[in-house]
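Asker: For reference, the file data_0.txt (compact mmCIF, C-alpha atoms) is included below:
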```
# COMPACT_ATOMS: atom_id res chain seq x y z
CA MET W 3 5.26 -13.75 -115.91
CA THR W 4 5.22 -17.07 -114.23
CA SER W 5 7.26 -15.70 -111.27
CA LEU W 6 4.87 -12.77 -110.94
CA CYS W 7 1.89 -15.06 -110.65
CA ARG W 8 3.71 -17.12 -108.14
CA ASN W 9 4.45 -14.09 -105.95
CA LEU W 10 0.83 -12.96 -106.10
CA ALA W 11 -0.31 -16.41 -104.96
CA VAL W 12 2.04 -16.36 -102.01
CA LEU W 13 0.86 -12.88 -101.03
CA VAL W 14 -2.82 -13.88 -101.18
CA PHE W 15 -2.08 -16.97 -99.07
CA PHE W 16 -0.24 -14.90 -96.48
CA LEU W 17 -3.04 -12.39 -96.18
CA SER W 18 -5.62 -15.11 -95.79
CA ALA W 19 -3.63 -16.87 -93.11
CA SER W 20 -2.83 -13.76 -91.00
CA PRO W 21 -6.23 -13.63 -89.11
CA LEU W 22 -5.74 -17.21 -88.01
CA LEU W 23 -2.28 -16.32 -86.80
CA HIS W 24 -3.60 -13.42 -84.73
CA SER W 25 -6.40 -15.48 -83.23
CA HIS W 26 -3.92 -18.24 -82.38
CA ARG W 27 -1.63 -15.78 -80.63
CA PHE W 28 -4.54 -14.27 -78.71
CA THR W 29 -5.76 -17.72 -77.66
CA HIS W 30 -2.29 -18.71 -76.52
CA ALA W 31 -1.87 -15.54 -74.49
CA ALA W 32 -5.27 -15.97 -72.88
CA SER W 33 -4.50 -19.55 -71.91
CA THR W 34 -1.09 -18.80 -70.45
CA SER W 35 -1.93 -15.59 -68.51
CA PRO W 36 -3.36 -16.05 -64.99
CA PRO W 37 -7.06 -15.42 -64.60
CA VAL W 38 -8.04 -12.05 -63.26
CA THR W 39 -9.98 -12.43 -60.00
CA ARG W 40 -11.55 -9.80 -57.79
CA PRO W 41 -11.94 -10.23 -54.04
CA ARG W 42 -15.47 -10.68 -52.90
CA ILE W 43 -16.67 -8.19 -50.32
CA LEU W 44 -18.75 -9.82 -47.61
CA PHE W 45 -21.14 -7.71 -45.57
CA ILE W 46 -22.03 -8.79 -42.03
CA THR W 47 -25.03 -7.16 -40.47
CA GLY W 48 -25.67 -6.70 -36.76
CA LEU W 49 -26.47 -9.86 -34.88
CA ASP W 50 -29.49 -9.84 -32.62
CA SER W 51 -30.34 -12.19 -29.81
CA ASP W 52 -32.30 -14.53 -32.16
CA ASN W 53 -29.37 -14.95 -34.62
CA ASN W 54 -31.30 -13.42 -37.55
CA TYR W 55 -28.85 -12.82 -40.37
CA GLY W 56 -31.06 -10.81 -42.70
CA ASP W 57 -33.28 -13.46 -44.23
CA GLU W 58 -35.34 -10.81 -46.03
CA ASP W 59 -32.51 -9.79 -48.40
CA GLU W 60 -31.00 -13.22 -49.04
CA ASP W 61 -32.09 -13.35 -52.67
CA ASP W 62 -31.05 -9.78 -53.44
CA ASN W 63 -27.56 -10.00 -51.91
CA PRO W 64 -25.89 -13.39 -52.61
CA ASP W 65 -22.69 -12.27 -50.85
CA ARG W 66 -24.40 -11.98 -47.47
CA LEU W 67 -23.20 -14.51 -44.97
CA SER W 68 -25.51 -17.31 -44.07
CA PRO W 69 -26.13 -18.12 -40.40
CA PRO W 70 -23.24 -20.12 -38.91
CA PRO W 71 -24.10 -23.67 -37.99
CA GLU W 72 -24.89 -24.27 -34.36
CA GLY W 73 -21.93 -25.32 -32.28
CA LEU W 74 -19.32 -24.13 -34.83
CA TYR W 75 -17.90 -21.43 -32.60
CA PRO W 76 -17.69 -22.67 -29.01
CA VAL W 77 -18.16 -19.99 -26.37
CA LYS W 78 -15.44 -19.85 -23.74
CA THR W 79 -16.58 -18.77 -20.33
CA THR W 80 -13.95 -17.44 -17.93
CA LEU W 81 -14.80 -17.60 -14.26
CA LEU W 82 -13.08 -14.92 -12.21
CA GLN W 83 -12.43 -16.25 -8.77
CA GLN W 84 -11.90 -13.76 -5.98
CA ALA W 85 -8.74 -14.14 -3.95
CA PRO W 86 -9.51 -15.36 -0.44
CA GLN W 87 -9.24 -12.69 2.23
CA LEU W 88 -8.08 -12.96 5.80
CA CYS W 89 -10.68 -12.67 8.52
CA GLN W 90 -10.97 -9.36 10.33
CA HIS W 91 -9.72 -10.79 13.60
CA ASP W 92 -7.24 -8.81 15.74
CA PRO W 93 -5.36 -11.02 18.23
CA CYS W 94 -4.65 -7.97 20.42
CA LEU W 95 -8.33 -7.11 21.07
CA GLU W 96 -10.41 -8.95 23.63
CA ASN W 97 -14.01 -10.21 23.51
CA GLN W 98 -14.00 -10.66 19.72
CA VAL W 99 -16.10 -13.02 17.62
CA PRO W 100 -14.18 -16.30 17.25
CA CYS W 101 -12.44 -16.63 13.91
CA ALA W 102 -14.10 -20.02 13.32
CA LEU W 103 -17.54 -18.33 13.25
CA LEU W 104 -16.26 -15.67 10.85
CA LEU W 105 -15.03 -18.47 8.60
CA GLU W 106 -18.46 -20.09 8.50
CA LYS W 107 -20.27 -16.80 7.80
CA THR W 108 -18.00 -15.09 5.27
CA GLY W 109 -15.65 -17.80 4.02
CA CYS W 110 -12.57 -15.79 5.06
CA LEU W 111 -9.30 -17.38 6.08
CA CYS W 112 -8.27 -17.76 9.71
CA PRO W 113 -4.61 -17.81 10.73
CA GLY W 114 -3.20 -21.23 11.41
CA VAL W 115 -3.32 -22.29 15.05
CA SER W 116 -1.83 -25.20 16.90
CA GLY W 117 -4.27 -27.72 18.35
CA SER W 118 -5.37 -28.15 21.93
CA ASP W 119 -3.20 -31.28 22.21
CA LYS W 120 -0.02 -29.14 22.04
CA PRO W 121 1.22 -26.51 24.50
CA PRO W 122 0.41 -23.01 23.22
CA HIS W 123 2.94 -20.60 21.81
CA ALA W 124 4.04 -17.67 23.93
CA PRO W 125 1.82 -14.56 23.73
CA ARG W 126 3.32 -11.17 22.86
CA ILE W 127 3.25 -8.58 25.62
CA GLN W 128 2.35 -5.07 24.46
CA GLY W 129 2.98 -2.84 27.43
CA LEU W 130 2.90 -2.13 31.14
CA LEU W 131 0.87 1.03 31.68
CA PRO W 132 -0.21 2.69 34.92
CA VAL W 133 -3.96 3.08 35.46
CA SER W 134 -4.90 6.77 35.64
CA GLU W 135 -8.58 6.53 36.64
CA GLY W 136 -10.93 4.51 38.83
CA ARG W 137 -10.31 2.43 41.91
CA ASP W 138 -7.20 0.85 40.35
CA ARG W 139 -5.51 4.21 39.85
CA GLY W 140 -1.77 3.91 40.27
CA LYS W 141 -1.72 0.16 39.62
CA ILE W 142 -0.14 -1.38 36.53
CA GLU W 143 -2.17 -2.84 33.67
CA VAL W 144 -0.56 -5.55 31.51
CA GLN W 145 -1.59 -5.71 27.83
CA TRP W 146 -0.80 -8.64 25.50
CA CYS W 147 -1.69 -10.26 22.14
CA ALA W 148 -2.91 -13.84 21.75
CA PRO W 149 -0.64 -16.45 20.12
CA SER W 150 -1.58 -18.69 17.18
CA SER W 151 -2.70 -21.48 19.48
CA VAL W 152 -5.71 -22.78 21.35
CA VAL W 153 -5.70 -20.96 24.71
CA SER W 154 -7.98 -21.63 27.66
CA MET W 155 -6.55 -18.98 30.02
CA TYR W 156 -3.59 -16.66 30.63
CA ARG W 157 -1.29 -16.32 33.60
CA VAL W 158 0.64 -13.14 34.47
CA VAL W 159 3.79 -13.86 36.47
CA THR W 160 5.33 -10.89 38.33
CA GLU W 161 8.93 -11.02 39.48
CA GLY W 162 9.22 -11.05 43.29
CA SER W 163 5.46 -11.45 43.77
CA GLU W 164 4.54 -13.46 46.85
CA GLY W 165 0.92 -14.10 45.85
CA GLY W 166 1.85 -16.17 42.79
CA ALA W 167 0.64 -15.74 39.21
CA GLN W 168 -2.63 -14.04 38.41
CA GLN W 169 -5.03 -15.83 36.05
CA PHE W 170 -7.26 -14.33 33.34
CA GLU W 171 -9.77 -15.79 30.89
CA GLY W 172 -8.79 -16.97 27.44
CA VAL W 173 -10.63 -14.06 25.76
CA SER W 174 -8.82 -11.47 27.90
CA ARG W 175 -6.05 -9.31 26.50
CA ARG W 176 -5.32 -7.18 29.58
CA GLY W 177 -5.20 -7.44 33.35
CA VAL W 178 -4.27 -5.32 36.40
CA VAL W 179 -1.44 -6.73 38.51
CA GLY W 180 -1.06 -4.08 41.23
CA PHE W 181 1.77 -1.71 42.10
CA LEU W 182 5.19 -2.35 40.59
CA ASP W 183 8.63 -1.00 41.27
CA VAL W 184 10.75 0.32 38.43
CA GLY W 185 12.58 -2.56 36.70
CA THR W 186 10.19 -5.31 37.83
CA LYS W 187 9.94 -8.11 35.27
CA VAL W 188 6.46 -9.25 34.15
CA CYS W 189 5.74 -12.29 31.93
CA VAL W 190 2.50 -13.50 30.29
CA GLU W 191 1.91 -17.23 29.77
CA ALA W 192 -0.76 -18.96 27.66
CA VAL W 193 -2.28 -22.12 29.09
CA ASN W 194 -4.38 -25.00 27.68
CA ASN W 195 -4.98 -28.66 28.55
CA ALA W 196 -1.61 -29.69 27.10
CA GLY W 197 0.45 -27.28 29.21
CA HIS W 198 1.64 -23.68 29.19
CA SER W 199 3.88 -21.57 26.96
CA THR W 200 7.57 -21.00 27.60
CA PRO W 201 8.62 -17.43 28.54
CA SER W 202 10.45 -15.61 25.76
CA ASP W 203 11.88 -12.18 25.01
CA PHE W 204 8.61 -10.92 23.52
CA SER W 205 6.37 -12.38 26.25
CA CYS W 206 8.23 -10.63 29.11
CA MET W 207 8.91 -6.96 29.86
CA ARG W 208 10.42 -4.88 32.64
CA TYR W 209 8.39 -2.03 34.05
CA ASP W 210 9.64 1.39 33.02
CA PRO W 211 7.23 4.15 34.08
CA PRO W 212 6.41 6.57 31.29
CA LYS W 213 7.41 10.17 31.70
CA SER W 214 4.38 12.13 32.80
CA SER W 215 3.32 15.43 31.30
CA ASN W 216 3.84 17.16 34.69
CA HIS W 217 7.52 16.30 34.64
CA ASN W 218 7.84 17.60 31.09
CA LEU W 219 6.06 20.82 32.03
CA LEU W 220 8.35 21.30 35.05
CA ALA W 221 11.42 20.79 32.87
CA TRP W 222 10.16 23.41 30.41
CA VAL W 223 9.49 25.90 33.23
CA ILE W 224 12.97 25.42 34.72
CA GLY W 225 14.61 25.74 31.32
CA GLY W 226 12.66 28.90 30.53
CA GLY W 227 13.56 30.47 33.89
CA VAL W 228 17.27 29.80 33.38
CA ALA W 229 17.17 31.26 29.88
CA LEU W 230 15.35 34.38 31.12
CA LEU W 231 17.92 34.86 33.92
CA LEU W 232 20.78 34.66 31.42
CA LEU W 233 19.10 37.25 29.21
CA LEU W 234 18.68 39.61 32.17
CA ILE W 235 22.36 39.27 33.14
CA ILE W 236 23.49 39.96 29.58
CA ALA W 237 21.19 42.99 29.33
CA ALA W 238 22.52 44.37 32.66
CA VAL W 239 26.14 44.04 31.51
CA ILE W 240 25.40 45.79 28.22
CA PHE W 241 23.56 48.59 30.02
CA TRP W 242 26.44 49.04 32.52
CA LYS W 243 29.01 49.32 29.72
CA TYR W 244 26.83 51.83 27.93
CA GLN W 245 26.57 54.00 31.05
CA MET W 246 30.32 53.91 31.60
CA HIS W 247 30.91 54.95 28.00
CA GLN W 248 28.49 57.87 28.30
CA LYS W 249 30.13 59.04 31.55
CA ALA W 250 33.59 59.02 30.02
CA LYS W 251 32.31 60.96 27.03
CA ARG W 252 30.76 63.65 29.29
CA ASP W 253 33.96 64.01 31.30
CA ALA W 254 35.98 64.55 28.13
CA THR W 255 33.55 67.20 26.87
CA ASP W 256 33.59 69.14 30.17
CA GLY W 257 37.42 69.32 30.21
CA LEU W 258 37.68 70.86 26.71
CA GLY W 259 35.05 73.56 27.44
CA ASN W 260 37.00 75.23 30.36
CA PRO W 261 40.39 76.72 29.16
CA SER W 262 41.58 77.17 32.74
CA TYR W 263 41.19 73.47 33.39
CA SER W 264 44.39 71.50 33.58
CA THR W 265 45.27 68.16 34.93
CA GLU W 266 48.38 69.72 36.56
CA GLY W 267 46.47 72.28 38.56
CA THR W 268 45.02 75.75 38.11
CA LEU W 269 46.74 78.47 36.11
```
Starting from the coordinates I provided, produce the structure as structure tokens.

Answerer:
Amino acid sequence: MTSLCRNLAVLVFFLSASPLLHSHRFTHAASTSPPVTRPRILFITGLDSDNNYGDEDEDDNPDRLSPPPEGLYPVKTTLLQQAPQLCQHDPCLENQVPCALLLEKTGCLCPGVSGSDKPPHAPRIQGLLPVSEGRDRGKIEVQWCAPSSVVSMYRVVTEGSEGGAQQFEGVSRRGVVGFLDVGTKVCVEAVNNAGHSTPSDFSCMRYDPPKSSNHNLLAWVIGGGVALLLLLIIAAVIFWKYQMHQKAKRDATDGLGNPSYSTEGTL
């Protein structure tokens, strides 16, 4: 009886202590497990020129971003600089606007030139062409390109010329030198206060007359005539052979048609 009472007491104590045990376990699990967090969703509205960030709904939507403080995000400005361009200045054309004036007006780049205190570089000769019209018809015109130097005038020196060199202005790029024989050497020199340029391979040229269109036409006519003559000879030979073949065929046919015909005589 005494043992039965003791067991009942232990059972009652266990049942009374079990809720505390469960609450202790729940508290321990809650304290050891990491807190459950949810990411906050931030809504950014369109930004206008006055930086208004929706002041009307600030109280209703606490997650709305507030206006950023002034100067927090510096604005980087990138300046795109245009690449400098060369001036539209052709050294082979005469009477052009000086490149220095183009530089002042447009800011373009001029090619580097040597100063007036140094002898100029040699110009580049372009061609020796015969004049086809006007009072200088038949004479030879010299064409050249200016060097990268300060030039006050040009001199054209003709090989074997007794009158000396001919002079032309510094803005000139061509000049008539008269009649030239085939193979005559012509040189162009640039001159300034410091001296003159030294002749070079590209500043001198020998006169070689261009082939005219009349000569080409004559060559075509002669070639066509020779070809036509050959065709006529070939056609005549073919026709002659054809006639000989037809004659032989007729002779053979006539001999078979006459039984009294014999090459040894008449029967």

Asker: Find the spatial neighbours of Gln169 (chain W), counting only C-alpha atoms, within a cut-off of 8 Å - ignore same-chain residues fewer than 5 positions away - and output them as a VMD selection string.

Answerer: chain W and resid 155 to 158

Asker: Do a neighbour search on Asp119 (chain W) at 12 Å with all atoms listed in the file, toss out local chain neighbours closer than 6 positions, and write the hits as a list in words.

Answerer: Ser151, Val152, Val153, Val193, Asn194, Asn195, Ala196, Gly197 and His198 of chain W

Asker: With all atoms listed in the file as the counted atoms, please give the residues lying no more than 7 Å from Arg208 (chain W), apart from itself and same-chain residues fewer than 3 positions off, as a PDB file with C-alpha atoms, in the coordinates of the input.

Answerer:
```
ATOM      1  CA  GLY W 185      12.580  -2.560  36.700  1.00  0.00           C
ATOM      2  CA  THR W 186      10.190  -5.310  37.830  1.00  0.00           C
ATOM      3  CA  LYS W 187       9.940  -8.110  35.270  1.00  0.00           C
ATOM      4  CA  VAL W 188       6.460  -9.250  34.150  1.00  0.00           C
TER       5      VAL W 188
END
```

Asker: May I ask which of the residues W:Gln145, W:Thr200, W:Thr160, W:Gln90 is the closest one to Gly180 (chain W), counting all atoms listed in the file?

Answerer: W:Thr160

Asker: Counting only C-alpha atoms, figure out which residue out of W:Gln245, W:Val239, W:Pro149, W:Met207 gets nearest to Gly117 (chain W).

Answerer: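 Among the listed residues, the smallest separation from Gly117 (chain W) belongs to W:Pro149.
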
Asker: Restricting the calculation to all atoms listed in the file: of W:Ala148, W:Val228, W:Leu234, W:Leu88, which residue gets closest to Pro125 (chain W)?

Answerer: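 Looking at the shortest contact to Pro125 (chain W), the residue is W:Ala148.
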
Asker: Where's the centre, and what are the edge lengths in Å to one decimal, of a box along x, y and z enclosing all listed atoms of region 107-114 of chain W padded 8 Å per side, as AutoDock Vina command-line options?

Answerer:
```
--center_x -11.7 --center_y -18.2 --center_z 7.7 --size_x 33.1 --size_y 22.1 --size_z 23.4
```

Asker: When distances are computed from only C-alpha atoms, which of W:Val190, W:Ala238, W:Cys110, W:Cys89 shows the smallest separation from His123 (chain W)?

Answerer: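 Among W:Val190, W:Ala238, W:Cys110, W:Cys89, it is W:Val190 that comes nearest to His123 (chain W).
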
Asker: With all atoms listed in the file as the basis for distance, which of W:Ser150, W:Ser199, W:Gln168, W:Thr108 is at the shortest distance from Pro121 (chain W)?

Answerer: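 Closest to Pro121 (chain W) of all the choices is W:Ser199.
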
Asker: How many Å lie between CA of Cys206 (chain W) and CA of Val115 (chain W), rounded to one decimal?

Answerer: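 Taking CA of Cys206 (chain W) as the start and CA of Val115 (chain W) as the end point, the length is 21.6 Å.
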
Asker: Kindly indicate which residue among W:Val178, W:Ile127, W:Gly166, W:Glu191 lies nearest to Ser154 (chain W), using only C-alpha atoms for the distances.

Answerer: W:Glu191

Asker: One number please: CA of Arg175 (chain W) to CA of Trp146 (chain W), in Å, one decimal.

Answerer: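 Atom-to-atom, CA of Arg175 (chain W) to CA of Trp146 (chain W), that is 5.4 Å.
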
Asker: Between CA of Val179 (chain W) and CA of Pro122 (chain W), what is the distance, to one decimal in Å?

Answerer: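 Result for CA of Val179 (chain W) versus CA of Pro122 (chain W): 22.4 Å, one decimal.
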
Asker: So which residues touch Pro100 (chain W) within 10 Å, counting all atoms listed in the file, skipping near sequence neighbours fewer than 3 positions away, as a list in words?

Answerer: His91, Asn97, Leu103, Leu104, Leu105, Cys112 and Val173 of chain W
